[in-house]
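Enquirer: Contents of entry22.pdb (PDB, C-alpha atoms and all ligand atoms):
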ATOM      1  CA  MET A 448      24.687  -7.850 -17.102  1.00  0.00           C
ATOM      2  CA  LYS A 449      26.570  -9.869 -14.566  1.00  0.00           C
ATOM      3  CA  GLY A 450      25.125 -13.297 -13.974  1.00  0.00           C
ATOM      4  CA  TYR A 451      22.514 -13.186 -16.713  1.00  0.00           C
ATOM      5  CA  GLU A 452      24.169 -14.697 -19.730  1.00  0.00           C
ATOM      6  CA  ILE A 453      22.042 -17.761 -19.210  1.00  0.00           C
ATOM      7  CA  MET A 454      18.717 -18.033 -20.979  1.00  0.00           C
ATOM      8  CA  ASP A 455      16.261 -20.897 -20.890  1.00  0.00           C
ATOM      9  CA  LYS A 456      14.964 -22.580 -24.052  1.00  0.00           C
ATOM     10  CA  LYS A 457      12.233 -19.978 -24.502  1.00  0.00           C
ATOM     11  CA  GLY A 458      14.675 -17.089 -24.264  1.00  0.00           C
ATOM     12  CA  TYR A 459      13.783 -16.030 -20.762  1.00  0.00           C
ATOM     13  CA  PRO A 460      16.707 -14.949 -18.609  1.00  0.00           C
ATOM     14  CA  ILE A 461      17.266 -17.226 -15.648  1.00  0.00           C
ATOM     15  CA  ALA A 462      17.414 -14.892 -12.673  1.00  0.00           C
ATOM     16  CA  LYS A 463      19.404 -15.238  -9.463  1.00  0.00           C
ATOM     17  CA  ILE A 464      17.976 -15.625  -5.981  1.00  0.00           C
ATOM     18  CA  VAL A 465      19.295 -13.161  -3.411  1.00  0.00           C
ATOM     19  CA  GLY A 466      17.274 -14.289  -0.401  1.00  0.00           C
ATOM     20  CA  PHE A 467      14.119 -15.603   1.137  1.00  0.00           C
ATOM     21  CA  SER A 468      11.508 -14.613   3.662  1.00  0.00           C
ATOM     22  CA  GLU A 469       8.891 -16.949   5.041  1.00  0.00           C
ATOM     23  CA  HIS A 470       6.605 -16.595   2.037  1.00  0.00           C
ATOM     24  CA  GLN A 471       8.678 -14.762  -0.546  1.00  0.00           C
ATOM     25  CA  VAL A 472      11.717 -15.265  -2.698  1.00  0.00           C
ATOM     26  CA  PHE A 473      13.870 -12.236  -3.529  1.00  0.00           C
ATOM     27  CA  ILE A 474      15.278 -11.998  -7.037  1.00  0.00           C
ATOM     28  CA  TYR A 475      17.992  -9.841  -8.568  1.00  0.00           C
ATOM     29  CA  CYS A 476      16.316  -8.476 -11.672  1.00  0.00           C
ATOM     30  CA  PRO A 477      18.203  -9.005 -14.938  1.00  0.00           C
ATOM     31  CA  TYR A 478      16.512  -5.964 -16.466  1.00  0.00           C
ATOM     32  CA  CYS A 479      16.705  -3.168 -13.906  1.00  0.00           C
ATOM     33  CA  GLY A 480      19.313  -4.448 -11.461  1.00  0.00           C
ATOM     34  CA  GLN A 481      16.970  -4.082  -8.517  1.00  0.00           C
ATOM     35  CA  VAL A 482      15.655  -6.706  -6.134  1.00  0.00           C
ATOM     36  CA  HIS A 483      12.080  -7.863  -6.696  1.00  0.00           C
ATOM     37  CA  TYR A 484      10.106 -10.295  -4.591  1.00  0.00           C
ATOM     38  CA  HIS A 485       7.716 -13.021  -5.623  1.00  0.00           C
ATOM     39  CA  GLY A 486       5.559 -15.436  -3.672  1.00  0.00           C
ATOM     40  CA  LYS A 487       7.338 -18.686  -2.894  1.00  0.00           C
ATOM     41  CA  ALA A 488       4.102 -20.527  -3.540  1.00  0.00           C
ATOM     42  CA  ALA A 489       4.486 -19.809  -7.250  1.00  0.00           C
ATOM     43  CA  GLY A 490       7.677 -21.852  -7.075  1.00  0.00           C
ATOM     44  CA  PRO A 491      10.411 -21.848  -9.700  1.00  0.00           C
ATOM     45  CA  GLY A 492       9.208 -20.749 -13.109  1.00  0.00           C
ATOM     46  CA  HIS A 493       8.413 -17.792 -15.343  1.00  0.00           C
ATOM     47  CA  VAL A 494       7.202 -14.560 -13.750  1.00  0.00           C
ATOM     48  CA  ALA A 495       6.699 -10.923 -14.775  1.00  0.00           C
ATOM     49  CA  SER A 496       9.575  -8.702 -13.755  1.00  0.00           C
ATOM     50  CA  HIS A 497       7.850  -6.119 -11.487  1.00  0.00           C
ATOM     51  CA  CYS A 498      10.224  -3.416 -12.771  1.00  0.00           C
ATOM     52  CA  LEU A 499       9.180   0.121 -11.899  1.00  0.00           C
ATOM     53  CA  ASN A 500      10.258   1.274 -15.348  1.00  0.00           C
ATOM     54  CA  PRO A 501       9.954  -1.726 -17.667  1.00  0.00           C
ATOM     55  CA  ILE A 502      12.176  -1.830 -20.731  1.00  0.00           C
ATOM     56  CA  PRO A 503      10.955  -3.042 -24.169  1.00  0.00           C
ATOM     57  CA  GLU A 504      13.090  -6.183 -23.964  1.00  0.00           C
ATOM     58  CA  ASP A 505      11.338  -7.227 -20.751  1.00  0.00           C
ATOM     59  CA  VAL A 506       9.721 -10.631 -21.244  1.00  0.00           C
ATOM     60  CA  GLY A 507       9.870 -11.548 -17.589  1.00  0.00           C
ATOM     61  CA  TYR A 508      12.387 -13.997 -16.174  1.00  0.00           C
ATOM     62  CA  MET A 509      12.713 -17.451 -14.754  1.00  0.00           C
ATOM     63  CA  ILE A 510      12.897 -17.953 -11.012  1.00  0.00           C
ATOM     64  CA  PRO A 511      15.378 -20.827 -10.668  1.00  0.00           C
ATOM     65  CA  ASN A 512      15.085 -23.771  -8.326  1.00  0.00           C
ATOM     66  CA  PHE A 513      15.463 -22.538  -4.777  1.00  0.00           C
ATOM     67  CA  ASP A 514      18.441 -24.833  -4.181  1.00  0.00           C
ATOM     68  CA  THR A 515      20.473 -22.735  -6.641  1.00  0.00           C
ATOM     69  CA  TYR A 516      20.691 -19.997  -3.989  1.00  0.00           C
ATOM     70  CA  ASP A 517      24.341 -19.145  -3.383  1.00  0.00           C
ATOM     71  CA  PRO A 518      24.940 -16.847  -0.384  1.00  0.00           C
ATOM     72  CA  VAL A 519      28.245 -15.524  -1.730  1.00  0.00           C
ATOM     73  CA  GLU A 520      26.849 -14.695  -5.142  1.00  0.00           C
ATOM     74  CA  ALA A 521      23.705 -13.276  -3.521  1.00  0.00           C
ATOM     75  CA  ALA A 522      25.791 -10.882  -1.436  1.00  0.00           C
ATOM     76  CA  GLU A 523      27.534  -9.616  -4.573  1.00  0.00           C
ATOM     77  CA  LEU A 524      24.217  -9.057  -6.321  1.00  0.00           C
ATOM     78  CA  GLU A 525      22.747  -7.278  -3.301  1.00  0.00           C
ATOM     79  CA  ASN A 526      25.709  -4.916  -3.375  1.00  0.00           C
ATOM     80  CA  LEU A 527      25.118  -4.220  -7.063  1.00  0.00           C
ATOM     81  CA  ALA A 528      21.478  -3.442  -6.329  1.00  0.00           C
ATOM     82  CA  LYS A 529      22.451  -1.088  -3.509  1.00  0.00           C
ATOM     83  CA  LYS A 530      24.885   0.727  -5.769  1.00  0.00           C
ATOM     84  CA  ALA A 531      22.113   1.318  -8.294  1.00  0.00           C
ATOM     85  CA  LYS A 532      20.500   3.517  -5.624  1.00  0.00           C
ATOM     86  CA  ARG A 533      17.003   3.019  -6.869  1.00  0.00           C
ATOM     87  CA  LYS A 534      15.378   1.748  -3.742  1.00  0.00           C
ATOM     88  CA  ALA A 535      12.061   0.599  -5.152  1.00  0.00           C
ATOM     89  CA  SER A 536      11.968  -3.000  -4.016  1.00  0.00           C
ATOM     90  CA  TRP A 537      15.153  -2.919  -2.046  1.00  0.00           C
ATOM     91  CA  ILE A 538      13.443  -1.195   0.844  1.00  0.00           C
ATOM     92  CA  ARG A 539      11.262  -4.242   1.316  1.00  0.00           C
ATOM     93  CA  MET A 540      14.360  -6.433   1.391  1.00  0.00           C
ATOM     94  CA  GLU A 541      15.809  -4.317   4.208  1.00  0.00           C
ATOM     95  CA  GLU A 542      12.577  -4.390   6.144  1.00  0.00           C
ATOM     96  CA  ILE A 543      12.643  -8.135   6.629  1.00  0.00           C
ATOM     97  CA  ARG A 544      16.112  -8.181   8.190  1.00  0.00           C
TER      98      ARG A 544
HETATM   99 ZN    ZN A 601      13.349  -5.202 -12.526  1.00  0.00          ZN
END
Just dump the structure as structure tokens.
Ligand SMILES: [Zn+2]

Expert:
Amino acid sequence: MKGYEIMDKKGYPIAKIVGFSEHQVFIYCPYCGQVHYHGKAAGPGHVASHCLNPIPEDVGYMIPNFDTYDPVEAAELENLAKKAKRKASWIRMEEIR
């Protein structure tokens, strides 16, 4: 899947950040292609995926350092998520804008 060739040393995919709210970081999920949110307070690191329909390969993913956020790349990933048309977490993303 686009953008998720990179794994960390433990084999966790290193996810991409698509945005922030005051207390949350929004992540493009390498498993389901949807946007999930996680508390910023947890910081960069390993988290569970929050997929609505988890797949067997799901071992969670790594939230990268917040300074890796790239607005151009984020916009591309948001468009991919929209095209998937499964609005689970995406609705929350829209609500904050
Ligand atoms: Zn997911």

Enquirer: Ligand ZN 601 (chain A): which residues are within 9 Å, counting only C-alpha atoms and all ligand atoms? Reply as JSON, numbers by chain.

Expert: {"A": [474, 475, 476, 477, 478, 479, 480, 481, 482, 483, 496, 497, 498, 499, 500, 501, 502, 505, 507, 536]}

Enquirer: For the residues in the current selection, export C-alpha atoms as a PDB file, keeping the file's coordinate frame.

Expert:
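The new file part-v5.pdb reads:
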ATOM      1  CA  ILE A 474      15.278 -11.998  -7.037  1.00  0.00           C
ATOM      2  CA  TYR A 475      17.992  -9.841  -8.568  1.00  0.00           C
ATOM      3  CA  CYS A 476      16.316  -8.476 -11.672  1.00  0.00           C
ATOM      4  CA  PRO A 477      18.203  -9.005 -14.938  1.00  0.00           C
ATOM      5  CA  TYR A 478      16.512  -5.964 -16.466  1.00  0.00           C
ATOM      6  CA  CYS A 479      16.705  -3.168 -13.906  1.00  0.00           C
ATOM      7  CA  GLY A 480      19.313  -4.448 -11.461  1.00  0.00           C
ATOM      8  CA  GLN A 481      16.970  -4.082  -8.517  1.00  0.00           C
ATOM      9  CA  VAL A 482      15.655  -6.706  -6.134  1.00  0.00           C
ATOM     10  CA  HIS A 483      12.080  -7.863  -6.696  1.00  0.00           C
ATOM     11  CA  SER A 496       9.575  -8.702 -13.755  1.00  0.00           C
ATOM     12  CA  HIS A 497       7.850  -6.119 -11.487  1.00  0.00           C
ATOM     13  CA  CYS A 498      10.224  -3.416 -12.771  1.00  0.00           C
ATOM     14  CA  LEU A 499       9.180   0.121 -11.899  1.00  0.00           C
ATOM     15  CA  ASN A 500      10.258   1.274 -15.348  1.00  0.00           C
ATOM     16  CA  PRO A 501       9.954  -1.726 -17.667  1.00  0.00           C
ATOM     17  CA  ILE A 502      12.176  -1.830 -20.731  1.00  0.00           C
ATOM     18  CA  ASP A 505      11.338  -7.227 -20.751  1.00  0.00           C
ATOM     19  CA  GLY A 507       9.870 -11.548 -17.589  1.00  0.00           C
ATOM     20  CA  SER A 536      11.968  -3.000  -4.016  1.00  0.00           C
TER      21      SER A 536
END

Enquirer: Could you state which residues are captured by the PyMOL selection byres (((chain A and resi 493) around 7) and not hetatm) in this file, as a ChimeraX atom specification?

Expert: /A:492,494,507-510

Enquirer: Choose the residue, out of A:Pro511, A:Ala521, A:Ala531, A:Val506, that has the smallest atom-to-atom separation from Lys487 in chain A; count only C-alpha atoms.

Expert: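 Nearest candidate to Lys487 in chain A out of A:Pro511, A:Ala521, A:Ala531, A:Val506: A:Pro511.
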
Enquirer: How many Å separate CA of Glu504 in chain A from CA of Lys463 in chain A?

Expert: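 Computing it gives 18.2 Å between the two atoms.
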
Enquirer: Report the distance between CA of His470 in chain A and CA of Gly486 in chain A in Å, rounded to one decimal place.

Expert: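 Between these atoms lies a distance of 5.9 Å.
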
Enquirer: Have a look at CA of Glu525 in chain A and CA of Val465 in chain A and let me know their distance in Å, one decimal.

Expert: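 CA of Val465 in chain A lies at a distance of 6.8 Å from CA of Glu525 in chain A.
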
Enquirer: Taking (13.1, -23.9, -5.8) in the coordinates of the supplied file, I want to know which residues reach to within 6 Å of it, counting only C-alpha atoms; could you give the answer as a ChimeraX atom specification?

Expert: /A:490-491,512-514

Enquirer: Box in all listed atoms of range 503-511 of chain A, axis-aligned, with 5 Å more on each side; write out centre and edge lengths in Å to one decimal as lines of an AutoDock Vina configuration file.

Expert:
center_x = 12.5
center_y = -11.9
center_z = -17.4
size_x = 15.7
size_y = 27.8
size_z = 23.5

Enquirer: Missing atoms in range 453-489 of chain A need filling: write out N, CA and C atoms for it as a PDB file, in the coordinates of the input.

Expert:
ATOM      1  N   ILE A 453      22.765 -16.509 -19.014  1.00  0.00           N
ATOM      2  CA  ILE A 453      22.042 -17.761 -19.210  1.00  0.00           C
ATOM      3  C   ILE A 453      20.570 -17.516 -19.514  1.00  0.00           C
ATOM      4  N   MET A 454      20.125 -18.095 -20.619  1.00  0.00           N
ATOM      5  CA  MET A 454      18.717 -18.033 -20.979  1.00  0.00           C
ATOM      6  C   MET A 454      18.154 -19.460 -21.000  1.00  0.00           C
ATOM      7  N   ASP A 455      16.863 -19.575 -20.744  1.00  0.00           N
ATOM      8  CA  ASP A 455      16.261 -20.897 -20.890  1.00  0.00           C
ATOM      9  C   ASP A 455      15.865 -21.107 -22.355  1.00  0.00           C
ATOM     10  N   LYS A 456      15.241 -22.228 -22.656  1.00  0.00           N
ATOM     11  CA  LYS A 456      14.964 -22.580 -24.052  1.00  0.00           C
ATOM     12  C   LYS A 456      13.994 -21.622 -24.727  1.00  0.00           C
ATOM     13  N   LYS A 457      13.186 -20.928 -23.927  1.00  0.00           N
ATOM     14  CA  LYS A 457      12.233 -19.978 -24.502  1.00  0.00           C
ATOM     15  C   LYS A 457      12.801 -18.567 -24.586  1.00  0.00           C
ATOM     16  N   GLY A 458      14.046 -18.403 -24.182  1.00  0.00           N
ATOM     17  CA  GLY A 458      14.675 -17.089 -24.264  1.00  0.00           C
ATOM     18  C   GLY A 458      14.471 -16.222 -23.050  1.00  0.00           C
ATOM     19  N   TYR A 459      13.938 -16.800 -21.994  1.00  0.00           N
ATOM     20  CA  TYR A 459      13.783 -16.030 -20.762  1.00  0.00           C
ATOM     21  C   TYR A 459      15.090 -16.063 -19.970  1.00  0.00           C
ATOM     22  N   PRO A 460      15.518 -14.916 -19.465  1.00  0.00           N
ATOM     23  CA  PRO A 460      16.707 -14.949 -18.609  1.00  0.00           C
ATOM     24  C   PRO A 460      16.420 -15.726 -17.324  1.00  0.00           C
ATOM     25  N   ILE A 461      17.395 -16.483 -16.901  1.00  0.00           N
ATOM     26  CA  ILE A 461      17.266 -17.226 -15.648  1.00  0.00           C
ATOM     27  C   ILE A 461      17.866 -16.359 -14.550  1.00  0.00           C
ATOM     28  N   ALA A 462      17.002 -15.858 -13.683  1.00  0.00           N
ATOM     29  CA  ALA A 462      17.414 -14.892 -12.673  1.00  0.00           C
ATOM     30  C   ALA A 462      18.147 -15.573 -11.518  1.00  0.00           C
ATOM     31  N   LYS A 463      18.684 -14.738 -10.634  1.00  0.00           N
ATOM     32  CA  LYS A 463      19.404 -15.238  -9.463  1.00  0.00           C
ATOM     33  C   LYS A 463      18.629 -14.909  -8.191  1.00  0.00           C
ATOM     34  N   ILE A 464      18.642 -15.825  -7.270  1.00  0.00           N
ATOM     35  CA  ILE A 464      17.976 -15.625  -5.981  1.00  0.00           C
ATOM     36  C   ILE A 464      18.938 -14.913  -5.028  1.00  0.00           C
ATOM     37  N   VAL A 465      18.447 -13.859  -4.376  1.00  0.00           N
ATOM     38  CA  VAL A 465      19.295 -13.161  -3.411  1.00  0.00           C
ATOM     39  C   VAL A 465      18.825 -13.364  -1.977  1.00  0.00           C
ATOM     40  N   GLY A 466      17.694 -14.029  -1.770  1.00  0.00           N
ATOM     41  CA  GLY A 466      17.274 -14.289  -0.401  1.00  0.00           C
ATOM     42  C   GLY A 466      15.847 -14.775  -0.329  1.00  0.00           C
ATOM     43  N   PHE A 467      15.461 -15.082   0.895  1.00  0.00           N
ATOM     44  CA  PHE A 467      14.119 -15.603   1.137  1.00  0.00           C
ATOM     45  C   PHE A 467      13.534 -14.962   2.396  1.00  0.00           C
ATOM     46  N   SER A 468      12.215 -14.820   2.405  1.00  0.00           N
ATOM     47  CA  SER A 468      11.508 -14.613   3.662  1.00  0.00           C
ATOM     48  C   SER A 468      10.589 -15.815   3.816  1.00  0.00           C
ATOM     49  N   GLU A 469       9.728 -15.774   4.802  1.00  0.00           N
ATOM     50  CA  GLU A 469       8.891 -16.949   5.041  1.00  0.00           C
ATOM     51  C   GLU A 469       8.081 -17.330   3.794  1.00  0.00           C
ATOM     52  N   HIS A 470       7.513 -16.311   3.151  1.00  0.00           N
ATOM     53  CA  HIS A 470       6.605 -16.595   2.037  1.00  0.00           C
ATOM     54  C   HIS A 470       7.078 -16.056   0.694  1.00  0.00           C
ATOM     55  N   GLN A 471       8.239 -15.398   0.693  1.00  0.00           N
ATOM     56  CA  GLN A 471       8.678 -14.762  -0.546  1.00  0.00           C
ATOM     57  C   GLN A 471      10.103 -15.146  -0.903  1.00  0.00           C
ATOM     58  N   VAL A 472      10.360 -15.087  -2.198  1.00  0.00           N
ATOM     59  CA  VAL A 472      11.717 -15.265  -2.698  1.00  0.00           C
ATOM     60  C   VAL A 472      12.135 -13.946  -3.340  1.00  0.00           C
ATOM     61  N   PHE A 473      13.358 -13.515  -3.046  1.00  0.00           N
ATOM     62  CA  PHE A 473      13.870 -12.236  -3.529  1.00  0.00           C
ATOM     63  C   PHE A 473      14.819 -12.492  -4.689  1.00  0.00           C
ATOM     64  N   ILE A 474      14.603 -11.745  -5.765  1.00  0.00           N
ATOM     65  CA  ILE A 474      15.278 -11.998  -7.037  1.00  0.00           C
ATOM     66  C   ILE A 474      16.017 -10.751  -7.495  1.00  0.00           C
ATOM     67  N   TYR A 475      17.258 -10.949  -7.953  1.00  0.00           N
ATOM     68  CA  TYR A 475      17.992  -9.841  -8.568  1.00  0.00           C
ATOM     69  C   TYR A 475      17.548  -9.752 -10.022  1.00  0.00           C
ATOM     70  N   CYS A 476      16.958  -8.614 -10.370  1.00  0.00           N
ATOM     71  CA  CYS A 476      16.316  -8.476 -11.672  1.00  0.00           C
ATOM     72  C   CYS A 476      17.337  -8.305 -12.794  1.00  0.00           C
ATOM     73  N   PRO A 477      17.258  -9.130 -13.827  1.00  0.00           N
ATOM     74  CA  PRO A 477      18.203  -9.005 -14.938  1.00  0.00           C
ATOM     75  C   PRO A 477      17.966  -7.785 -15.803  1.00  0.00           C
ATOM     76  N   TYR A 478      16.827  -7.129 -15.640  1.00  0.00           N
ATOM     77  CA  TYR A 478      16.512  -5.964 -16.466  1.00  0.00           C
ATOM     78  C   TYR A 478      16.902  -4.654 -15.794  1.00  0.00           C
ATOM     79  N   CYS A 479      16.509  -4.473 -14.549  1.00  0.00           N
ATOM     80  CA  CYS A 479      16.705  -3.168 -13.906  1.00  0.00           C
ATOM     81  C   CYS A 479      17.768  -3.193 -12.818  1.00  0.00           C
ATOM     82  N   GLY A 480      18.251  -4.378 -12.459  1.00  0.00           N
ATOM     83  CA  GLY A 480      19.313  -4.448 -11.461  1.00  0.00           C
ATOM     84  C   GLY A 480      18.837  -4.207 -10.048  1.00  0.00           C
ATOM     85  N   GLN A 481      17.520  -4.227  -9.854  1.00  0.00           N
ATOM     86  CA  GLN A 481      16.970  -4.082  -8.517  1.00  0.00           C
ATOM     87  C   GLN A 481      16.492  -5.443  -8.004  1.00  0.00           C
ATOM     88  N   VAL A 482      16.156  -5.479  -6.730  1.00  0.00           N
ATOM     89  CA  VAL A 482      15.655  -6.706  -6.134  1.00  0.00           C
ATOM     90  C   VAL A 482      14.127  -6.679  -6.149  1.00  0.00           C
ATOM     91  N   HIS A 483      13.530  -7.712  -6.706  1.00  0.00           N
ATOM     92  CA  HIS A 483      12.080  -7.863  -6.696  1.00  0.00           C
ATOM     93  C   HIS A 483      11.726  -9.103  -5.889  1.00  0.00           C
ATOM     94  N   TYR A 484      10.523  -9.117  -5.340  1.00  0.00           N
ATOM     95  CA  TYR A 484      10.106 -10.295  -4.591  1.00  0.00           C
ATOM     96  C   TYR A 484       8.878 -10.929  -5.230  1.00  0.00           C
ATOM     97  N   HIS A 485       8.803 -12.224  -5.073  1.00  0.00           N
ATOM     98  CA  HIS A 485       7.716 -13.021  -5.623  1.00  0.00           C
ATOM     99  C   HIS A 485       7.292 -14.039  -4.574  1.00  0.00           C
ATOM    100  N   GLY A 486       6.036 -14.441  -4.623  1.00  0.00           N
ATOM    101  CA  GLY A 486       5.559 -15.436  -3.672  1.00  0.00           C
ATOM    102  C   GLY A 486       6.258 -16.773  -3.887  1.00  0.00           C
ATOM    103  N   LYS A 487       6.703 -17.371  -2.797  1.00  0.00           N
ATOM    104  CA  LYS A 487       7.338 -18.686  -2.894  1.00  0.00           C
ATOM    105  C   LYS A 487       6.374 -19.730  -3.443  1.00  0.00           C
ATOM    106  N   ALA A 488       5.094 -19.522  -3.152  1.00  0.00           N
ATOM    107  CA  ALA A 488       4.102 -20.527  -3.540  1.00  0.00           C
ATOM    108  C   ALA A 488       4.072 -20.730  -5.049  1.00  0.00           C
ATOM    109  N   ALA A 489       4.446 -19.690  -5.794  1.00  0.00           N
ATOM    110  CA  ALA A 489       4.486 -19.809  -7.250  1.00  0.00           C
ATOM    111  C   ALA A 489       5.604 -20.745  -7.683  1.00  0.00           C
TER     112      ALA A 489
END
